[in-house]
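**Q** Got a structure for you, questions after.
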Amino acid sequence: MARTGVFVCHCGTNIAGTVDIDQSVEASRGFPGVVHAGEYRYLCSEMGQDLIKNAIEEHNLDRVVVGTCSPRMHENTFRKAAAEAGLNPYMLEVANIREHCSWVHREMDEATPKAIALLRAAAAKVALNDPLDIPELDVEKRALIIGGGIAGIQAALDIAEAGYVVDIVEREPSIGGRMAQLEKTFPTLDCSACILTPKMVEAAQHPNVNLITYSEIDEVKGFVGQFDVKIRQKARSVDSVKCTGCGICWEKCPSKAPSEFEMGMAKRKAIYVPFPQAVPNVPVIDRDNCLYFKKGRCQICAKECPPEAIDFEQQDVVIERRYGAIIVATGFDQLDPSIYGEYGYGQHPDILTGLEFERLFNASGPTGGKVVRLSDGKPPRNVVFIQCIGSRDKARGMNYCSKICCMFTAKQAILLKEKVPDARSYVFYIDVRTAGKGYEEFQRRAAEEYDVAYLRGQVGKIFPEEDHLVVHGVDSLSGKIVEIKADMVVLAAASIARCDAPEVGRKVGINSDSYHFFNEAHPKLRPVETHTAGVFIAGACQAPKDIPDTVAQASAAAVKAIGLLSKEKLQGEACTAEVIQDECSGCLNCIAVCPYTAITEVEIEERHHGGTLKRTVAQVNPSLCQGCGSCTATCRSGSINLKGFTNEQILAEVDAICL
Amino acid sequence: MRYRYFPGCTLKGQAKNMENTTLAAATALGIELVELEEWQCCGAVFPLYEDELISLLSPVRTLAAAEGEPLVSLCAACHHVLKRAQELMQRNEDARHKVTEFLEIDYKGEGRVLHFLEVLRDDLGFDKLAEMIKKPLEGRKAAAYYGCLLLRPSKVMQFDDPENPTIMEDFLQALGAEVVKSPYRTECCGAYLSVTEEGVAADTVARILDSARKAGAEMLITACPLCRYNLENCAAEDGKEPVKVYYFSELLAEAMGLQFDDLMAKAIERRRSSDVGSS
């Protein structure tokens with residue numbers, strides 16, 4: 001017979017204000033198997049825990065029910081206390097009489113019977129509890145970082161410095177990401193390449209960092225500590241070991257294609273490195289645009305390559321590797337503003353996005369660093385910047401603020417004035433949002449010292465006229481309609497999730513918000529963790545953010561990964577599913593619903609009428625099982641039980657509440 | 001190809017030529033336009049309030065009179081009201097019950113409601129139209145002027161992209177004209193402000209005409225009698241290179257090689273037959 005102790009917490013007035021504690025304790029004494037009942041003002045306090053521990057000893061309790069807050073809050077606290085008194089921690093049940101009862105009711109005469117029912121259910125369940133063992137799991141001392149932008153690079157360097165091996169998987173031929181495309185960075189106007197390139201090189205040279213560029217994730221299996229990942233290394237058509245990066249191949253290559261790095265504003269060759277500071281400085285052949293792959297002739301690159309590094313026969317290679325932790329740092333895209341027909345983006349060469357305009361400042365950019373109009377090559381006089389293109393727009397764009405646009409616009413206006421001294425900038429804005437260290441001062445400088453006209457209002461339409469653009473807008477502060485004869489228009493297009501973010505999320509097993517930005521486990525207290533143990537996020541794949549925030553988040557994610565990798569063993573899930581193989585019919589529906597591929601089919605031998613019979617049944621691998629319960633709900637014959645939540649236990653709870 | 005045809009009041013008066021030329025061209029193209037019997041006003045202005053149901057009685061009666069057959073109109077304003085009334089009948093069950101019960105008719109929002117340009121684009125096809133052109137408008141620099149009623153609200157009108165429409169340019173191309181694109185082609189002509197705020201309409205019209213002129217157009221086409229009225233009457237055009245305004249159908253009839261006499265004869269014939277029909 002069970003010897004159960006019930007302890008009811010007042011939680012100050014949180015519970016006691018709505019639930020009659022004395023009455024609940026009194027009622028608990030009458031539950032089957034209960035030999036002791038008590039109460040305390042704050043059970044989670046040290047005194048409260050001691051009360052439980054002492055009672056376990058004094059009354060020789062073998063089971064405990066605590067009527068407290070949600071188990072998500074303090075289940076571990078109480079389990080630890082029970083364990084310290086010599087009980088198996090799984091011999092304790094929490095009746096949530098705060099969130100499920102006192103907080104959602106006002107009347108004591110209604111809340112008290114409900115609290116008693118919840119306590120009775122917990123007591124009925126705990127009577128059927130069995131001691132459970134917490135399995136220990138190995139940790140592969142290696143981290144995977146998906147995405148080689150500044151977030152991925154920073155996280156990789158931090159992890160590598162802590163002494164663990166880390167792989168960066170980058171889709172593009174070079175690491176560097178969005179930051180590599182920037183000319184200067186706000187609010188200090190450091191040259192982006194000058195602060196990024198050393199980090200890229202450091203990552204490449206660090207003995208603990210492996211760069212796996214021009215590669216994508218094919219598949220992620222396993223679980224925290226033991227993720228089994230398949231990485232597809234796309235055929236580069238160049239032998240990375242032989243290649244010296246001399247550049248003769250891309251000088252000689254006759255075919256051109258729009259450069260992704262230059263946002264399509266310049267051409268690159270079919271064999272190319274995306275930008276001069278590329279790391280690794282090894283080109284790839286874009287097979288869609290290579291004459292040899294298209295038409296079977298040319299091969300000039302191979303003929304000219306001094307170390308004979310060109311390899312047309314190269315195939316995609318799938319690398320299979322085990323990792324203890326994963327950091328997702330896949331970055332962001334820029335919204336295509338052509339959805340706003342009134343701005344005419346894509347129909348006029350002098351209407352650009354912020355990122356496109358940025359490239360015009362860069363010495364290796366499409367104009368060689370000259371800020372000129374793409375239509376006629378002349379420097380612009382009047383440049384109109386329009387903020388919130390697709391941001392803060394419920395009707396046609398994204399509801400959120402993209403956070404970086406106010407600042408990069410101020411930056412570009414300053415840079416413009418420095419490059420083209422007689423240029424004038426106009427900025428149409430909804431609000432100027434410059435929270436951040438040194439940000440407000442920077443933006444004020446643009447307005448006050450660089451002659452940037454800030455107009456609070458929106459642009460209705462842009463009319464191309466002869467050799468200029470007529471911008472019709474409203475200045476809501478003066479209440480006037482304004483018309484600006486502009487030479488160029490720069491649209492601060494919203495930062496959006498990568499178009500394939502949902503697919504990446506599915507592969508890695510993390511979820512995202514309605515905009516496809518990856519979700520953190522808690523918006524305040526667990527900002528770099530995800531709901532999948534061992535998977536962390538960093539940078540603009542979580543939400544739009546600037547470089548300082550991205551780097552901070554990347555280091556935070558690295559710390560979390562290091563903490564995980566530094567453990568010798570991980571505690572696994574005690575509440576796993578278990579097949580009662582005698583009863584299993586072998587329908588294997590459970591395999592289809594298991595999200596962790598923890599169930600496999602096995603053949604068992606049974607004695608049957610004197611002979612032996614072979615039969616297929618399901619089997620759960622407890623180290624893969626995360627205890628979600630999908631299989632138990634699916635099982636037609638009820639022959640899968642989740643430990644700690646067996647069918648009998650659940651029914652006992654239901655009975656106890658309904659009786 | 002058979003369609004029910006709703007002319008609307010302006011096409012029997014001010015914009016008679018839009019009707020005449022369209023009917024003549026339609027006949028030549030094998031498009032049968034059967035005028036609704038005893039038709040009445042389209043409603044003129046689509047109500048700004050969704051519960052202002054009284055203004056919907058007339059257009060809904062018109063929609064029901066098409067008996068499920070595709071209903072074609074020419075005047076941009078008529079088409080606008082009919083199309084939006086139909087959409088409201090499809091979307092707002094409560095409004096539909098009230099209106100149809102009052103009218104004692106059974107109408108559930110069925111039938112296609114088309115502008116004649118849509119018939120040319122979607123049912124006949126501009127490629128086919130181009131083949132049937134007898135006197136292409138070679139060397140004529142023509143620009144489209146859409147105005148607002150055909151395009152907006154774009155989700156309801158489903159006519160074309162409201163910011164970058166192409167239907168009228170494609171139409172002009174099919175006629176063999178040299179198509180000129182003017183940036184102000186979808187801007188407001190000033191609408192009824194030409195009556196109450198003449199200065200505003202003068203300003204908007206001047207922009208539209210100047211922009212077309214700068215783009216090199218010698219003529220504009222429109223499908224809206226009010227637009228045409230404003231474009232022809234509101235701006236001081238003295239001494240400027242003229243930009244003539246036509247109904248789209250006038251250029252269509254010309255390119256089809258239809259003579260004025262033919263048009264008149266057809267018109268007279270039609271009037272006779274409709275007199276017979278209504279008596």
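We label chains A, B, ... in the order they appear in the structure tokens, count residues from 1 in each chain, and number ligands from 1 in the order shown.
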Taking only C-alpha atoms into account, report as a list in words which residues of chain A lie within 6 Å of chain B.

**A**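 Output check: Gly341, Glu342 and Phe463 of chain A.
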
**Q** Deliver the residues from the most recent selection as a file, using N, CA and C atoms, as a compact mmCIF listing (two decimals), in the first residue's frame.

**A**
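Output file again_33.txt is given in full below:
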```
# COMPACT_ATOMS: atom_id res chain seq x y z
N GLY A 341 4.05 48.79 -56.48
CA GLY A 341 4.10 49.25 -57.87
C GLY A 341 4.29 50.75 -57.98
N GLU A 342 3.77 51.50 -56.98
CA GLU A 342 3.83 52.96 -57.08
C GLU A 342 5.26 53.50 -57.00
N PHE A 463 7.29 59.32 -60.17
CA PHE A 463 7.03 59.43 -61.60
C PHE A 463 8.35 59.67 -62.33
```

**Q** Select from range 95-233 of chain B everything DSSP, run on the backbone, classes as strand (DSSP E), then give the selection as a compact mmCIF listing (two decimals) with C-alpha atoms, in the first residue's frame.

**A**
```
# COMPACT_ATOMS: atom_id res chain seq x y z
CA VAL B 113 -19.13 41.34 -65.43
CA LEU B 114 -16.74 42.61 -68.07
CA HIS B 115 -15.46 45.74 -69.60
CA LYS B 141 2.09 57.83 -81.15
CA ALA B 142 -0.62 56.84 -78.75
CA ALA B 143 -0.58 56.67 -74.95
CA ALA B 144 -3.03 54.97 -72.64
CA GLU B 178 3.34 53.25 -81.66
CA VAL B 179 2.80 52.86 -77.91
CA VAL B 180 4.04 55.62 -75.66
CA MET B 219 -2.97 61.15 -78.55
CA LEU B 220 -4.44 59.54 -75.43
CA ILE B 221 -7.09 56.86 -75.23
CA THR B 222 -9.58 56.49 -72.42
```

**Q** Counting only C-alpha atoms, which residue out of A:Pro71, A:Pro32, A:Pro421, A:Pro276 sits closest to Asn382 in chain A?

**A**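 When distances to Asn382 in chain A are compared using only C-alpha atoms, the smallest one comes from A:Pro421.
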
**Q** In Å, rounded to a single decimal, give me how far CA of Gly222 in chain A is from CA of Gly539 in chain A.

**A** 24.5 Å

**Q** Can you pull out the residues contacting Gly460 in chain A? Cut-off 7 Å, using only C-alpha atoms, and skip same-chain residues under 2 positions away; I want them as a list in words.

**A**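 Close residues of Gly460 in chain A: Gln458, His472 and Gly473 of chain A.
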
**Q** What gap, in Å, lies between CA of Val620 in chain A and CA of Ser637 in chain A?

**A** 16.1 Å

**Q** Just want the 12 Å neighbourhood of Gly365 in chain A, counted on only C-alpha atoms, with same-chain residues fewer than 5 positions away dropped. Output as a count of residues only.

**A** 26

**Q** Compile the contact shell of Gly12 in chain A as an MDAnalysis selection string: residues with an atom at most 8 Å away, counting only C-alpha atoms, same-chain residues fewer than 2 positions apart removed.

**A** chainID A and resid 10 14:16 41:42

**Q** Residues as selected, N, CA and C atoms, written as a PDB file, in the first residue's frame, can you do that?

**A**
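Ended up saving to part07.pdb:
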```pdb
ATOM      1  N   HIS A  10       0.654  27.741   0.062  1.00  0.00           N
ATOM      2  CA  HIS A  10      -0.161  28.958   0.024  1.00  0.00           C
ATOM      3  C   HIS A  10       0.259  29.858  -1.134  1.00  0.00           C
ATOM      4  N   ASN A  14      -1.198  33.970  -3.420  1.00  0.00           N
ATOM      5  CA  ASN A  14      -1.463  33.560  -4.795  1.00  0.00           C
ATOM      6  C   ASN A  14      -2.430  32.387  -4.864  1.00  0.00           C
ATOM      7  N   ILE A  15      -2.203  31.406  -3.965  1.00  0.00           N
ATOM      8  CA  ILE A  15      -3.132  30.277  -3.904  1.00  0.00           C
ATOM      9  C   ILE A  15      -4.106  30.480  -2.751  1.00  0.00           C
ATOM     10  N   ALA A  16      -3.545  30.844  -1.569  1.00  0.00           N
ATOM     11  CA  ALA A  16      -4.389  30.910  -0.368  1.00  0.00           C
ATOM     12  C   ALA A  16      -5.489  31.967  -0.483  1.00  0.00           C
ATOM     13  N   ARG A  41       3.525  28.165   3.812  1.00  0.00           N
ATOM     14  CA  ARG A  41       3.310  29.429   3.122  1.00  0.00           C
ATOM     15  C   ARG A  41       4.047  29.469   1.767  1.00  0.00           C
ATOM     16  N   TYR A  42       5.314  29.050   1.779  1.00  0.00           N
ATOM     17  CA  TYR A  42       6.075  28.980   0.520  1.00  0.00           C
ATOM     18  C   TYR A  42       6.807  27.646   0.468  1.00  0.00           C
TER      19      TYR A  42
END
```

**Q** Ranking B:His97, B:Arg61, B:Lys135, B:Arg185 by minimum distance to Leu151 in chain B and counting only C-alpha atoms, which one comes first?

**A** B:Arg185

**Q** Report as a short mmCIF file (atom, residue, chain, number, x, y, z; two decimals) with N, CA and C atoms, in the first residue's frame all protein, DNA and RNA residues lying within 8 Å of Gln154 in chain A, evaluated on only C-alpha atoms, omitting residues in the same chain fewer than 6 positions from it.

**A**
```cif
data_model
loop_
_atom_site.label_atom_id
_atom_site.label_comp_id
_atom_site.auth_asym_id
_atom_site.auth_seq_id
_atom_site.Cartn_x
_atom_site.Cartn_y
_atom_site.Cartn_z
N LYS A 199 38.44 38.78 -39.16
CA LYS A 199 37.71 37.69 -38.50
C LYS A 199 37.52 36.50 -39.43
N VAL A 551 26.39 40.18 -33.12
CA VAL A 551 27.62 39.63 -32.55
C VAL A 551 27.38 39.23 -31.09
N ALA A 554 25.48 36.07 -31.07
CA ALA A 554 26.31 34.95 -31.53
C ALA A 554 27.20 34.47 -30.39
N SER A 555 27.78 35.41 -29.62
CA SER A 555 28.62 35.00 -28.50
C SER A 555 27.79 34.31 -27.43
#
```

**Q** Contacts of Ala325 in chain A at 9 Å or less, counting only C-alpha atoms, minus same-chain residues fewer than 3 places along, as a PyMOL selection string?

**A** chain A and resi 139-145+223-227+533-536+561-562+564-565

**Q** Could you save the residues just selected, with C-alpha atoms, as an mmCIF file, in the first residue's frame?

**A**
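Output (out-v3.cif):
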```cif
data_model
loop_
_atom_site.group_PDB
_atom_site.id
_atom_site.type_symbol
_atom_site.label_atom_id
_atom_site.label_comp_id
_atom_site.auth_asym_id
_atom_site.auth_seq_id
_atom_site.Cartn_x
_atom_site.Cartn_y
_atom_site.Cartn_z
ATOM 1 C CA VAL A 139 28.131 14.413 -25.914
ATOM 2 C CA GLU A 140 29.941 14.700 -29.222
ATOM 3 C CA LYS A 141 32.505 17.425 -28.597
ATOM 4 C CA ARG A 142 31.963 19.196 -31.879
ATOM 5 C CA ALA A 143 29.676 22.042 -32.886
ATOM 6 C CA LEU A 144 27.975 22.804 -36.195
ATOM 7 C CA ILE A 145 27.236 26.330 -37.303
ATOM 8 C CA PHE A 223 19.228 14.738 -30.556
ATOM 9 C CA VAL A 224 21.121 16.969 -28.197
ATOM 10 C CA GLY A 225 24.698 15.787 -27.807
ATOM 11 C CA GLN A 226 24.418 13.488 -30.802
ATOM 12 C CA PHE A 227 23.071 15.206 -33.899
ATOM 13 C CA ALA A 533 17.586 21.027 -26.926
ATOM 14 C CA GLY A 534 21.070 21.550 -28.304
ATOM 15 C CA VAL A 535 19.989 23.874 -31.144
ATOM 16 C CA PHE A 536 20.712 27.581 -30.727
ATOM 17 C CA ALA A 561 26.970 25.564 -26.968
ATOM 18 C CA ILE A 562 30.231 25.548 -25.006
ATOM 19 C CA LEU A 564 26.719 21.877 -23.477
ATOM 20 C CA LEU A 565 29.937 20.547 -25.020
#
```

**Q** Using DSSP on the backbone, list every residue of range 182-411 of chain A that comes out as helix (DSSP H, G or I), and give them as a VMD selection string.

**A** chain A and resid 192 to 205 248 to 252 291 to 295 300 to 304 337 to 339 341 to 343 354 to 361 405 to 411

**Q** Take the residues just selected and output them with N, CA and C atoms as a CSV table (one decimal), in the first residue's frame.

**A**
```csv
chain,number,residue,atom,x,y,z
A,192,SER,N,33.5,48.2,-43.2
A,192,SER,CA,33.0,46.9,-42.9
A,192,SER,C,34.1,45.8,-43.2
A,193,ALA,N,34.7,45.9,-44.3
A,193,ALA,CA,35.6,44.9,-44.7
A,193,ALA,C,36.8,44.9,-43.7
A,194,CYS,N,37.2,46.1,-43.3
A,194,CYS,CA,38.4,46.2,-42.4
A,194,CYS,C,38.2,45.5,-41.1
A,195,ILE,N,36.9,45.5,-40.6
A,195,ILE,CA,36.7,44.8,-39.3
A,195,ILE,C,36.3,43.3,-39.5
A,196,LEU,N,35.7,43.0,-40.7
A,196,LEU,CA,35.2,41.7,-40.9
A,196,LEU,C,36.3,40.8,-41.5
A,197,THR,N,37.1,41.3,-42.4
A,197,THR,CA,38.1,40.4,-43.1
A,197,THR,C,39.0,39.7,-42.1
A,198,PRO,N,39.5,40.4,-41.1
A,198,PRO,CA,40.4,39.8,-40.2
A,198,PRO,C,39.7,38.6,-39.4
A,199,LYS,N,38.4,38.8,-39.2
A,199,LYS,CA,37.7,37.7,-38.5
A,199,LYS,C,37.5,36.5,-39.4
A,200,MET,N,37.3,36.8,-40.7
A,200,MET,CA,37.1,35.7,-41.7
A,200,MET,C,38.4,34.9,-41.8
A,201,VAL,N,39.5,35.7,-41.8
A,201,VAL,CA,40.8,35.0,-41.9
A,201,VAL,C,41.1,34.2,-40.7
A,202,GLU,N,40.8,34.8,-39.5
A,202,GLU,CA,41.0,34.1,-38.3
A,202,GLU,C,40.3,32.8,-38.2
A,203,ALA,N,39.0,32.9,-38.7
A,203,ALA,CA,38.2,31.6,-38.7
A,203,ALA,C,38.9,30.6,-39.6
A,204,ALA,N,39.3,31.1,-40.8
A,204,ALA,CA,39.9,30.1,-41.7
A,204,ALA,C,41.2,29.5,-41.2
A,205,GLN,N,42.0,30.3,-40.4
A,205,GLN,CA,43.3,29.8,-39.9
A,205,GLN,C,43.2,29.1,-38.5
A,248,ILE,N,43.7,33.7,-62.4
A,248,ILE,CA,43.9,33.7,-63.8
A,248,ILE,C,42.6,33.1,-64.4
A,249,CYS,N,42.0,32.1,-63.8
A,249,CYS,CA,40.8,31.5,-64.4
A,249,CYS,C,39.7,32.5,-64.6
A,250,TRP,N,39.4,33.3,-63.5
A,250,TRP,CA,38.2,34.2,-63.7
A,250,TRP,C,38.6,35.4,-64.6
A,251,GLU,N,39.9,35.6,-64.7
A,251,GLU,CA,40.3,36.7,-65.7
A,251,GLU,C,40.0,36.2,-67.1
A,252,LYS,N,40.3,34.9,-67.4
A,252,LYS,CA,40.2,34.4,-68.8
A,252,LYS,C,38.8,33.9,-69.1
A,291,LEU,N,30.3,27.8,-70.2
A,291,LEU,CA,30.2,27.3,-71.6
A,291,LEU,C,30.4,25.8,-71.7
A,292,TYR,N,31.4,25.3,-70.9
A,292,TYR,CA,31.7,23.9,-71.0
A,292,TYR,C,30.5,23.1,-70.5
A,293,PHE,N,29.9,23.5,-69.4
A,293,PHE,CA,28.8,22.7,-68.9
A,293,PHE,C,27.6,22.8,-69.8
A,294,LYS,N,27.5,24.0,-70.4
A,294,LYS,CA,26.3,24.3,-71.3
A,294,LYS,C,26.4,23.6,-72.7
A,295,LYS,N,27.6,23.8,-73.2
A,295,LYS,CA,27.8,23.5,-74.6
A,295,LYS,C,28.9,22.5,-74.9
A,300,ILE,N,38.7,27.0,-71.1
A,300,ILE,CA,39.9,27.9,-71.0
A,300,ILE,C,40.5,28.0,-69.6
A,301,CYS,N,39.6,28.0,-68.6
A,301,CYS,CA,40.1,28.0,-67.2
A,301,CYS,C,41.0,26.9,-66.9
A,302,ALA,N,40.7,25.7,-67.4
A,302,ALA,CA,41.5,24.5,-67.1
A,302,ALA,C,42.8,24.6,-67.8
A,303,LYS,N,42.8,25.1,-69.1
A,303,LYS,CA,44.0,25.3,-69.8
A,303,LYS,C,45.0,26.3,-69.2
A,304,GLU,N,44.4,27.3,-68.6
A,304,GLU,CA,45.2,28.4,-68.1
A,304,GLU,C,45.6,28.2,-66.6
A,337,PRO,N,11.1,45.2,-53.3
A,337,PRO,CA,10.1,46.3,-53.2
A,337,PRO,C,9.2,46.4,-54.5
A,338,SER,N,9.4,45.5,-55.4
A,338,SER,CA,8.5,45.7,-56.6
A,338,SER,C,7.0,45.4,-56.3
A,339,ILE,N,6.8,44.8,-55.1
A,339,ILE,CA,5.3,44.7,-54.7
A,339,ILE,C,4.7,46.0,-54.5
A,341,GLY,N,4.0,48.8,-56.5
A,341,GLY,CA,4.1,49.3,-57.9
A,341,GLY,C,4.3,50.7,-58.0
A,342,GLU,N,3.8,51.5,-57.0
A,342,GLU,CA,3.8,53.0,-57.1
A,342,GLU,C,5.3,53.5,-57.0
A,343,TYR,N,6.2,52.7,-56.5
A,343,TYR,CA,7.6,53.1,-56.4
A,343,TYR,C,8.4,52.8,-57.6
A,354,GLY,N,18.3,49.8,-50.4
A,354,GLY,CA,19.4,50.2,-49.5
A,354,GLY,C,20.6,49.4,-49.7
A,355,LEU,N,20.5,48.1,-49.9
A,355,LEU,CA,21.7,47.2,-50.1
A,355,LEU,C,22.3,47.5,-51.4
A,356,GLU,N,21.5,47.8,-52.4
A,356,GLU,CA,22.1,48.1,-53.7
A,356,GLU,C,22.8,49.4,-53.7
A,357,PHE,N,22.2,50.4,-53.1
A,357,PHE,CA,22.9,51.7,-53.0
A,357,PHE,C,24.2,51.5,-52.2
A,358,GLU,N,24.2,50.7,-51.2
A,358,GLU,CA,25.4,50.5,-50.4
A,358,GLU,C,26.6,50.0,-51.3
A,359,ARG,N,26.3,49.2,-52.3
A,359,ARG,CA,27.4,48.7,-53.1
A,359,ARG,C,28.0,49.7,-54.0
A,360,LEU,N,27.3,50.8,-54.2
A,360,LEU,CA,27.8,51.9,-55.1
A,360,LEU,C,29.0,52.6,-54.3
A,361,PHE,N,29.0,52.5,-53.0
A,361,PHE,CA,30.1,53.2,-52.3
A,361,PHE,C,31.4,52.4,-52.3
A,405,CYS,N,17.0,50.1,-40.6
A,405,CYS,CA,16.9,51.0,-41.8
A,405,CYS,C,17.1,52.5,-41.4
A,406,CYS,N,16.6,53.0,-40.3
A,406,CYS,CA,16.8,54.4,-39.9
A,406,CYS,C,18.3,54.6,-39.8
A,407,MET,N,19.0,53.7,-39.3
A,407,MET,CA,20.5,53.9,-39.1
A,407,MET,C,21.2,53.8,-40.4
A,408,PHE,N,20.9,52.8,-41.2
A,408,PHE,CA,21.7,52.7,-42.4
A,408,PHE,C,21.4,53.8,-43.4
A,409,THR,N,20.2,54.3,-43.3
A,409,THR,CA,19.8,55.4,-44.2
A,409,THR,C,20.6,56.7,-43.7
A,410,ALA,N,20.7,56.9,-42.4
A,410,ALA,CA,21.5,58.1,-41.9
A,410,ALA,C,22.9,57.9,-42.4
A,411,LYS,N,23.4,56.7,-42.3
A,411,LYS,CA,24.8,56.4,-42.7
A,411,LYS,C,25.0,56.7,-44.2
```

**Q** What's the separation between CA of Lys461 in chain A and CA of Tyr340 in chain A, in Å to one decimal place?

**A**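 Calculated distance between CA of Lys461 in chain A and CA of Tyr340 in chain A is 9.5 Å.
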
**Q** Counting only C-alpha atoms, figure out which residue out of B:Leu53, B:Met89, B:Leu103, B:Leu23 gets nearest to Glu35 in chain B.

**A**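 Of B:Leu53, B:Met89, B:Leu103, B:Leu23, the one nearest Glu35 in chain B is B:Leu23, counting only C-alpha atoms.
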